[in-house]
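For reference, structure.pdb (PDB, C-alpha atoms):
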```pdb
ATOM      1  CA  MET R   1    -138.677  21.559-180.758
ATOM      2  CA  SER R   2    -137.295  20.896-177.356
ATOM      3  CA  GLU R   3    -137.206  23.604-174.740
ATOM      4  CA  VAL R   4    -134.195  25.899-174.451
ATOM      5  CA  LYS R   5    -133.166  25.559-170.826
ATOM      6  CA  PRO R   6    -130.046  27.212-169.425
ATOM      7  CA  ARG R   7    -128.055  25.695-166.612
ATOM      8  CA  ILE R   8    -125.418  27.745-164.826
ATOM      9  CA  ARG R   9    -122.895  26.879-162.157
ATOM     10  CA  LEU R  10    -121.336  29.711-160.188
ATOM     11  CA  PRO R  11    -118.707  29.161-157.495
ATOM     12  CA  ARG R  12    -120.278  28.749-154.049
ATOM     13  CA  SER R  13    -118.431  31.785-152.793
ATOM     14  CA  ALA R  14    -116.203  34.215-154.626
ATOM     15  CA  THR R  15    -113.515  36.564-153.385
ATOM     16  CA  ALA R  16    -113.289  40.127-154.706
ATOM     17  CA  GLY R  17    -110.138  40.680-156.732
ATOM     18  CA  LYS R  18    -109.808  37.029-157.697
ATOM     19  CA  ALA R  19    -110.895  35.084-160.756
ATOM     20  CA  ALA R  20    -113.785  32.649-160.384
ATOM     21  CA  GLU R  21    -114.849  29.888-162.747
ATOM     22  CA  ILE R  22    -118.311  29.843-164.311
ATOM     23  CA  LYS R  23    -119.782  26.883-166.190
ATOM     24  CA  THR R  24    -122.832  27.228-168.428
ATOM     25  CA  LEU R  25    -124.841  24.817-170.512
ATOM     26  CA  VAL R  26    -127.972  25.472-172.511
ATOM     27  CA  SER R  27    -130.120  22.652-173.857
ATOM     28  CA  HIS R  28    -130.323  23.200-177.606
ATOM     29  CA  VAL R  29    -130.206  20.919-180.654
ATOM     30  CA  MET R  30    -127.760  23.192-182.583
ATOM     31  CA  GLU R  31    -129.153  22.100-185.962
ATOM     32  CA  THR R  32    -126.317  22.769-188.423
ATOM     33  CA  GLY R  33    -128.319  23.226-191.613
ATOM     34  CA  LEU R  34    -126.158  20.529-193.203
ATOM     35  CA  ARG R  35    -128.355  17.555-192.379
ATOM     36  CA  LYS R  36    -131.148  16.214-194.537
ATOM     37  CA  ASP R  37    -134.323  14.530-193.376
ATOM     38  CA  ALA R  38    -135.531  11.142-194.641
ATOM     39  CA  ASP R  39    -137.089  12.779-197.739
ATOM     40  CA  GLY R  40    -133.826  14.458-198.708
ATOM     41  CA  ASN R  41    -134.912  17.944-197.673
ATOM     42  CA  THR R  42    -132.311  20.040-195.893
ATOM     43  CA  ILE R  43    -133.206  20.662-192.258
ATOM     44  CA  PRO R  44    -132.853  24.450-191.814
ATOM     45  CA  ARG R  45    -130.085  25.776-189.587
ATOM     46  CA  LYS R  46    -131.123  26.660-186.065
ATOM     47  CA  ILE R  47    -128.322  27.279-183.641
ATOM     48  CA  ILE R  48    -127.423  29.461-180.695
ATOM     49  CA  ASN R  49    -125.242  31.924-182.599
ATOM     50  CA  ARG R  50    -124.108  34.144-179.739
ATOM     51  CA  PHE R  51    -123.617  33.837-176.005
ATOM     52  CA  THR R  52    -122.715  36.650-173.645
ATOM     53  CA  CYS R  53    -121.990  36.968-169.942
ATOM     54  CA  GLU R  54    -122.073  40.354-168.227
ATOM     55  CA  TYR R  55    -121.041  41.096-164.673
ATOM     56  CA  GLY R  56    -121.882  44.373-162.949
ATOM     57  CA  GLY R  57    -122.651  45.867-166.363
ATOM     58  CA  ASP R  58    -119.259  44.879-167.847
ATOM     59  CA  MET R  59    -118.776  42.231-170.495
ATOM     60  CA  VAL R  60    -117.053  39.066-169.288
ATOM     61  CA  ILE R  61    -117.176  37.045-172.472
ATOM     62  CA  ASP R  62    -118.926  37.522-175.803
ATOM     63  CA  MET R  63    -118.890  34.332-177.843
ATOM     64  CA  GLU R  64    -119.846  33.756-181.483
ATOM     65  CA  LEU R  65    -120.950  30.191-182.159
ATOM     66  CA  GLU R  66    -121.116  28.291-185.442
ATOM     67  CA  GLY R  67    -122.793  24.995-186.240
ATOM     68  CA  ALA R  68    -119.599  23.215-185.241
ATOM     69  CA  VAL R  69    -120.328  23.820-181.565
ATOM     70  CA  SER R  70    -121.879  20.670-180.077
ATOM     71  CA  ALA R  71    -125.541  20.304-179.222
ATOM     72  CA  ASN R  72    -126.336  21.662-175.752
ATOM     73  CA  PRO R  73    -123.545  24.271-175.952
ATOM     74  CA  TYR R  74    -121.271  24.186-172.926
ATOM     75  CA  VAL R  75    -119.015  27.113-172.089
ATOM     76  CA  GLU R  76    -116.566  27.454-169.229
ATOM     77  CA  PHE R  77    -114.715  30.701-168.479
ATOM     78  CA  ASP R  78    -113.473  32.925-165.670
ATOM     79  CA  ILE R  79    -114.913  36.096-164.218
ATOM     80  CA  MET R  80    -112.921  38.773-162.350
ATOM     81  CA  VAL R  81    -114.810  39.152-159.096
ATOM     82  CA  GLY R  82    -115.482  42.681-157.885
ATOM     83  CA  ASP R  83    -118.159  44.268-155.709
ATOM     84  CA  ALA R  84    -121.094  43.497-158.001
ATOM     85  CA  THR R  85    -123.195  40.380-157.470
ATOM     86  CA  GLU R  86    -125.418  40.278-160.537
ATOM     87  CA  VAL R  87    -124.286  38.062-163.431
ATOM     88  CA  VAL R  88    -126.389  38.135-166.591
ATOM     89  CA  PHE R  89    -126.228  35.354-169.166
ATOM     90  CA  THR R  90    -127.782  35.719-172.621
ATOM     91  CA  TRP R  91    -128.156  33.209-175.455
ATOM     92  CA  TYR R  92    -129.145  34.391-178.959
ATOM     93  CA  GLU R  93    -130.860  31.896-181.241
ATOM     94  CA  ASP R  94    -131.194  31.943-185.048
ATOM     95  CA  GLY R  95    -134.548  33.557-185.863
ATOM     96  CA  GLY R  96    -134.219  36.192-183.151
ATOM     97  CA  ASN R  97    -135.184  34.419-179.940
ATOM     98  CA  VAL R  98    -133.159  35.563-176.941
ATOM     99  CA  TYR R  99    -132.881  33.688-173.637
ATOM    100  CA  THR R 100    -131.663  35.540-170.560
ATOM    101  CA  GLU R 101    -130.829  34.255-167.103
ATOM    102  CA  THR R 102    -129.652  36.320-164.143
ATOM    103  CA  LYS R 103    -127.740  34.841-161.201
ATOM    104  CA  GLU R 104    -126.510  36.257-157.925
ATOM    105  CA  LEU R 105    -122.855  35.715-157.136
ATOM    106  CA  SER R 106    -122.120  35.473-153.437
ATOM    107  CA  VAL R 107    -119.065  37.638-152.890
ATOM    108  CA  GLY R 108    -117.530  36.923-149.511
TER     109      GLY R 108
ATOM    110  CA  MET O   1    -140.883   5.694-187.757
ATOM    111  CA  ILE O   2    -137.476   5.163-189.356
ATOM    112  CA  THR O   3    -137.241   2.107-191.542
ATOM    113  CA  ARG O   4    -134.135   0.018-191.856
ATOM    114  CA  ARG O   5    -133.622   1.337-195.385
ATOM    115  CA  GLU O   6    -133.706   4.944-194.185
ATOM    116  CA  THR O   7    -131.221   4.138-191.475
ATOM    117  CA  MET O   8    -128.856   2.759-194.119
ATOM    118  CA  ALA O   9    -129.296   5.913-196.219
ATOM    119  CA  LEU O  10    -128.471   8.085-193.200
ATOM    120  CA  GLY O  11    -125.315   6.077-192.661
ATOM    121  CA  LEU O  12    -124.293   6.613-196.282
ATOM    122  CA  GLY O  13    -124.902  10.334-195.891
ATOM    123  CA  ALA O  14    -122.594  10.413-192.903
ATOM    124  CA  ALA O  15    -119.893   8.592-194.858
ATOM    125  CA  THR O  16    -119.999  11.163-197.670
ATOM    126  CA  VAL O  17    -119.703  14.020-195.216
ATOM    127  CA  THR O  18    -116.664  12.492-193.574
ATOM    128  CA  LEU O  19    -114.995  11.980-196.968
ATOM    129  CA  LEU O  20    -115.458  15.620-197.998
ATOM    130  CA  PRO O  21    -112.961  17.277-195.636
ATOM    131  CA  ILE O  22    -109.856  16.076-197.519
ATOM    132  CA  SER O  23    -110.362  18.745-200.182
ATOM    133  CA  VAL O  24    -111.448  21.638-197.988
ATOM    134  CA  SER O  25    -108.481  22.332-195.703
ATOM    135  CA  ALA O  26    -107.754  25.432-197.808
ATOM    136  CA  ALA O  27    -111.092  26.766-196.561
ATOM    137  CA  ALA O  28    -109.661  26.963-193.026
ATOM    138  CA  ASP O  29    -106.684  28.997-194.331
ATOM    139  CA  ASP O  30    -109.116  31.322-196.087
ATOM    140  CA  ALA O  31    -111.286  31.645-192.973
ATOM    141  CA  ILE O  32    -108.260  32.448-190.802
ATOM    142  CA  ALA O  33    -107.021  34.972-193.386
ATOM    143  CA  ALA O  34    -110.465  36.594-193.373
ATOM    144  CA  TYR O  35    -110.345  36.812-189.559
ATOM    145  CA  THR O  36    -106.837  38.279-189.443
ATOM    146  CA  GLY O  37    -107.395  40.519-192.456
ATOM    147  CA  GLY O  38    -104.354  38.919-194.045
ATOM    148  CA  ALA O  39    -102.020  39.980-191.210
ATOM    149  CA  SER O  40     -99.122  37.638-190.475
ATOM    150  CA  VAL O  41     -99.776  35.091-187.744
ATOM    151  CA  THR O  42     -96.968  34.089-185.406
ATOM    152  CA  GLU O  43     -96.672  31.327-182.869
ATOM    153  CA  GLY O  44     -96.953  32.753-179.399
ATOM    154  CA  ASP O  45     -98.322  31.981-175.978
ATOM    155  CA  VAL O  46    -101.668  30.805-177.327
ATOM    156  CA  MET O  47    -102.518  27.290-176.208
ATOM    157  CA  ILE O  48    -105.140  24.860-177.442
ATOM    158  CA  THR O  49    -105.967  21.695-175.531
ATOM    159  CA  ALA O  50    -107.985  18.825-176.956
ATOM    160  CA  PRO O  51    -107.965  15.045-176.609
ATOM    161  CA  GLU O  52    -105.491  13.289-178.912
ATOM    162  CA  ILE O  53    -108.183  10.766-179.773
ATOM    163  CA  ALA O  54    -111.890  11.611-179.668
ATOM    164  CA  GLU O  55    -114.175   8.603-179.748
ATOM    165  CA  ASN O  56    -117.213  10.732-180.542
ATOM    166  CA  GLY O  57    -116.819  13.645-182.951
ATOM    167  CA  ASN O  58    -120.180  15.026-181.863
ATOM    168  CA  THR O  59    -118.774  16.389-178.649
ATOM    169  CA  VAL O  60    -115.048  17.002-178.373
ATOM    170  CA  PRO O  61    -113.941  19.016-175.327
ATOM    171  CA  ILE O  62    -111.592  21.835-176.252
ATOM    172  CA  SER O  63    -109.876  24.581-174.248
ATOM    173  CA  VAL O  64    -108.102  27.661-175.497
ATOM    174  CA  GLU O  65    -105.947  30.111-173.597
ATOM    175  CA  ALA O  66    -103.931  33.135-174.673
ATOM    176  CA  PRO O  67    -102.642  35.488-171.965
ATOM    177  CA  GLY O  68    -103.535  39.075-172.776
ATOM    178  CA  ALA O  69    -105.568  38.232-175.880
ATOM    179  CA  ALA O  70    -108.586  40.315-176.827
ATOM    180  CA  GLU O  71    -110.175  37.462-178.762
ATOM    181  CA  ILE O  72    -109.569  33.796-179.536
ATOM    182  CA  ALA O  73    -111.095  32.178-182.630
ATOM    183  CA  ILE O  74    -111.317  28.422-183.197
ATOM    184  CA  TYR O  75    -111.198  26.790-186.639
ATOM    185  CA  ALA O  76    -111.475  23.137-187.649
ATOM    186  CA  ASP O  77    -109.895  22.520-191.063
ATOM    187  CA  GLY O  78    -111.701  19.259-191.786
ATOM    188  CA  ASN O  79    -115.281  20.343-191.141
ATOM    189  CA  PRO O  80    -117.742  21.286-193.910
ATOM    190  CA  THR O  81    -117.391  24.880-192.673
ATOM    191  CA  PRO O  82    -114.157  25.686-190.814
ATOM    192  CA  GLY O  83    -115.444  28.297-188.341
ATOM    193  CA  VAL O  84    -116.243  26.963-184.876
ATOM    194  CA  ALA O  85    -116.401  29.820-182.374
ATOM    195  CA  VAL O  86    -114.914  33.178-181.405
ATOM    196  CA  PHE O  87    -114.436  34.174-177.773
ATOM    197  CA  LYS O  88    -114.167  37.921-177.074
ATOM    198  CA  PHE O  89    -112.931  38.744-173.606
ATOM    199  CA  GLY O  90    -114.430  41.789-171.901
ATOM    200  CA  PRO O  91    -113.181  43.977-169.038
ATOM    201  CA  ALA O  92    -114.776  41.676-166.433
ATOM    202  CA  ALA O  93    -113.029  38.533-167.706
ATOM    203  CA  GLY O  94    -111.026  36.780-165.009
ATOM    204  CA  SER O  95    -108.663  35.146-167.503
ATOM    205  CA  HIS O  96    -108.133  34.797-171.216
ATOM    206  CA  ARG O  97    -109.187  31.194-171.419
ATOM    207  CA  ALA O  98    -112.395  29.396-172.313
ATOM    208  CA  SER O  99    -113.585  25.824-172.789
ATOM    209  CA  THR O 100    -116.381  24.398-174.863
ATOM    210  CA  ARG O 101    -117.385  21.241-176.742
ATOM    211  CA  ILE O 102    -117.254  21.051-180.514
ATOM    212  CA  ARG O 103    -118.199  18.833-183.455
ATOM    213  CA  LEU O 104    -115.483  17.359-185.642
ATOM    214  CA  GLY O 105    -116.398  15.606-188.895
ATOM    215  CA  GLY O 106    -113.262  13.465-188.833
ATOM    216  CA  THR O 107    -109.593  13.421-187.924
ATOM    217  CA  GLN O 108    -108.242  16.912-188.466
ATOM    218  CA  ASP O 109    -106.283  19.886-187.143
ATOM    219  CA  VAL O 110    -108.017  22.368-184.874
ATOM    220  CA  PHE O 111    -106.605  25.910-184.789
ATOM    221  CA  ALA O 112    -106.781  28.616-182.152
ATOM    222  CA  VAL O 113    -106.037  32.110-183.458
ATOM    223  CA  ALA O 114    -105.608  34.784-180.798
ATOM    224  CA  LYS O 115    -106.068  38.458-181.568
ATOM    225  CA  MET O 116    -103.837  40.541-179.343
ATOM    226  CA  PRO O 117    -104.756  44.075-178.185
ATOM    227  CA  ASP O 118    -102.067  45.555-180.495
ATOM    228  CA  GLY O 119    -103.762  43.998-183.535
ATOM    229  CA  SER O 120    -101.245  41.179-184.013
ATOM    230  CA  PHE O 121    -102.264  37.529-184.239
ATOM    231  CA  GLN O 122    -100.908  34.332-182.726
ATOM    232  CA  GLN O 123    -101.862  30.791-183.596
ATOM    233  CA  ALA O 124    -101.602  27.242-182.300
ATOM    234  CA  ALA O 125    -102.926  23.960-183.679
ATOM    235  CA  VAL O 126    -103.643  20.503-182.368
ATOM    236  CA  GLU O 127    -104.495  17.321-184.242
ATOM    237  CA  VAL O 128    -107.530  15.385-183.036
ATOM    238  CA  LYS O 129    -108.093  11.828-184.248
ATOM    239  CA  VAL O 130    -111.815  11.163-184.498
ATOM    240  CA  THR O 131    -113.161   7.619-184.630
ATOM    241  CA  ILE O 132    -116.840   8.555-185.203
ATOM    242  CA  GLY O 133    -117.471  11.826-187.050
ATOM    243  CA  GLY O 134    -119.895  14.414-185.764
ATOM    244  CA  CYS O 135    -121.332  16.220-188.771
ATOM    245  CA  GLY O 136    -123.816  14.150-190.724
ATOM    246  CA  GLY O 137    -125.118  11.329-188.643
TER     247      GLY O 137
END
```
As structure tokens, how would this structure be written, given the file I've shared?
Amino acid sequence: MSEVKPRIRLPRSATAGKAAEIKTLVSHVMETGLRKDADGNTIPRKIINRFTCEYGGDMVIDMELEGAVSANPYVEFDIMVGDATEVVFTWYEDGGNVYTETKELSVG
Amino acid sequence: MITRRETMALGLGAATVTLLPISVSAAADDAIAAYTGGASVTEGDVMITAPEIAENGNTVPISVEAPGAAEIAIYADGNPTPGVAVFKFGPAAGSHRASTRIRLGGTQDVFAVAKMPDGSFQQAAVEVKVTIGGCGG
């Protein structure tokens, strides 16, 4: 199984009181559970089923994902910039694994 | 090692999956009804943006936006399972829009259903023509 590796792009500088765009991508096969291997056995589902972004302790976006989200799930959304700098990203995988990444937003 | 014969079998599998959707569009209606709890869904300010023609159904860029919405759910009526994703916007959201990339098993309608803070629902749909499906192969 390939490694689950998050990639995050924050704006270079953000202004308090304004929206700022965040782009995230996590490397993941997003196995749907619908495919069969060469022997006809169903390959079990293994997807990222939830993604959240929190900023200064407040939820920015909480996303539920199904198998119909492409491999290497990409999500783009906006954050309302305030005084806080810490942005926490969390990906939840089938089977209970959780991947967390924290980034510093430069508020100028 | 994948033999030529296995490759052919995989191709056949993909063809069956892309044929299936014709009979399952009611599943999307059911899924949307389950999400809304049977509440009536109106057309409103919700917007869904997708390419008119997607060459590769494995990764179709899609954007949804609904000013003021608490949540936006995406459904694809021609996929083996209609649910795609639900975005819930929190207090630190800078807008009520989001973009992602989705799998489409064939040409079909993609729906965005927005849940408004007052509990009402709004919906928009867009047709995406898919030349290579993204579910089986």
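Among the candidate residues R:Phe51, R:Tyr99, R:Tyr74, R:Trp91, the one lying nearest to chain O is R:Tyr74, with distances computed using only C-alpha atoms.
Interatomic distance, CA of Ser13 (chain R) to CA of Ser99 (chain O): 21.4 Å.
The closest residue to Ala19 (chain R), picked from O:Ala39, O:Val126, O:Ala93, O:Leu104 and counting all atoms listed in the file, is O:Ala93.
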Name the residues captured by the ChimeraX specification (/O :<8) & /R when it is applied to the shown file; answer as an mmCIF file with C-alpha atoms, in the frame of the given file.
```
data_model
loop_
_atom_site.group_PDB
_atom_site.id
_atom_site.type_symbol
_atom_site.label_atom_id
_atom_site.label_comp_id
_atom_site.auth_asym_id
_atom_site.auth_seq_id
_atom_site.Cartn_x
_atom_site.Cartn_y
_atom_site.Cartn_z
ATOM 1 C CA LYS R 18 -109.808 37.029 -157.697
ATOM 2 C CA ALA R 19 -110.895 35.084 -160.756
ATOM 3 C CA ALA R 20 -113.785 32.649 -160.384
ATOM 4 C CA LEU R 34 -126.158 20.529 -193.203
ATOM 5 C CA ARG R 35 -128.355 17.555 -192.379
ATOM 6 C CA ALA R 38 -135.531 11.142 -194.641
ATOM 7 C CA GLU R 54 -122.073 40.354 -168.227
ATOM 8 C CA TYR R 55 -121.041 41.096 -164.673
ATOM 9 C CA ASP R 58 -119.259 44.879 -167.847
ATOM 10 C CA MET R 59 -118.776 42.231 -170.495
ATOM 11 C CA VAL R 60 -117.053 39.066 -169.288
ATOM 12 C CA ILE R 61 -117.176 37.045 -172.472
ATOM 13 C CA ASP R 62 -118.926 37.522 -175.803
ATOM 14 C CA MET R 63 -118.890 34.332 -177.843
ATOM 15 C CA GLU R 64 -119.846 33.756 -181.483
ATOM 16 C CA LEU R 65 -120.950 30.191 -182.159
ATOM 17 C CA GLU R 66 -121.116 28.291 -185.442
ATOM 18 C CA GLY R 67 -122.793 24.995 -186.240
ATOM 19 C CA ALA R 68 -119.599 23.215 -185.241
ATOM 20 C CA VAL R 69 -120.328 23.820 -181.565
ATOM 21 C CA SER R 70 -121.879 20.670 -180.077
ATOM 22 C CA ALA R 71 -125.541 20.304 -179.222
ATOM 23 C CA PRO R 73 -123.545 24.271 -175.952
ATOM 24 C CA TYR R 74 -121.271 24.186 -172.926
ATOM 25 C CA VAL R 75 -119.015 27.113 -172.089
ATOM 26 C CA GLU R 76 -116.566 27.454 -169.229
ATOM 27 C CA PHE R 77 -114.715 30.701 -168.479
ATOM 28 C CA ASP R 78 -113.473 32.925 -165.670
ATOM 29 C CA ILE R 79 -114.913 36.096 -164.218
ATOM 30 C CA MET R 80 -112.921 38.773 -162.350
ATOM 31 C CA VAL R 81 -114.810 39.152 -159.096
#
```
Report the residues retrieved by the PyMOL selection byres ((chain R and resi 5) around 12) from the displayed file, expressed as a PyMOL selection string.
chain R and resi 2-4+6-8+24-29+72-73+90-91+98-101
Apply the PyMOL selection byres ((chain O and resi 107-124) around 9) to the displayed file and report the matching residues as a PyMOL selection string.
chain O and resi 21+28+32+35-36+39-48+50+53-54+57+64-66+68-79+104-106+125-131+133
Do you have the CA of Asp94 (chain R)-CA of Ile47 (chain R) distance handy?
5.7 Å
How many Å lie between CA of Gly56 (chain R) and CA of Gly95 (chain R), rounded to one decimal?
28.3 Å
Near-Ser106 (chain R) list (8 Å; all atoms listed in the file; drop same-chain fewer than 3 positions) as a ChimeraX atom specification:
/R:12-14,85
R:Thr102, R:Val107, R:Pro11, R:Thr32 ranked by distance to Asp83 (chain R), top pick (using only C-alpha atoms):
R:Val107
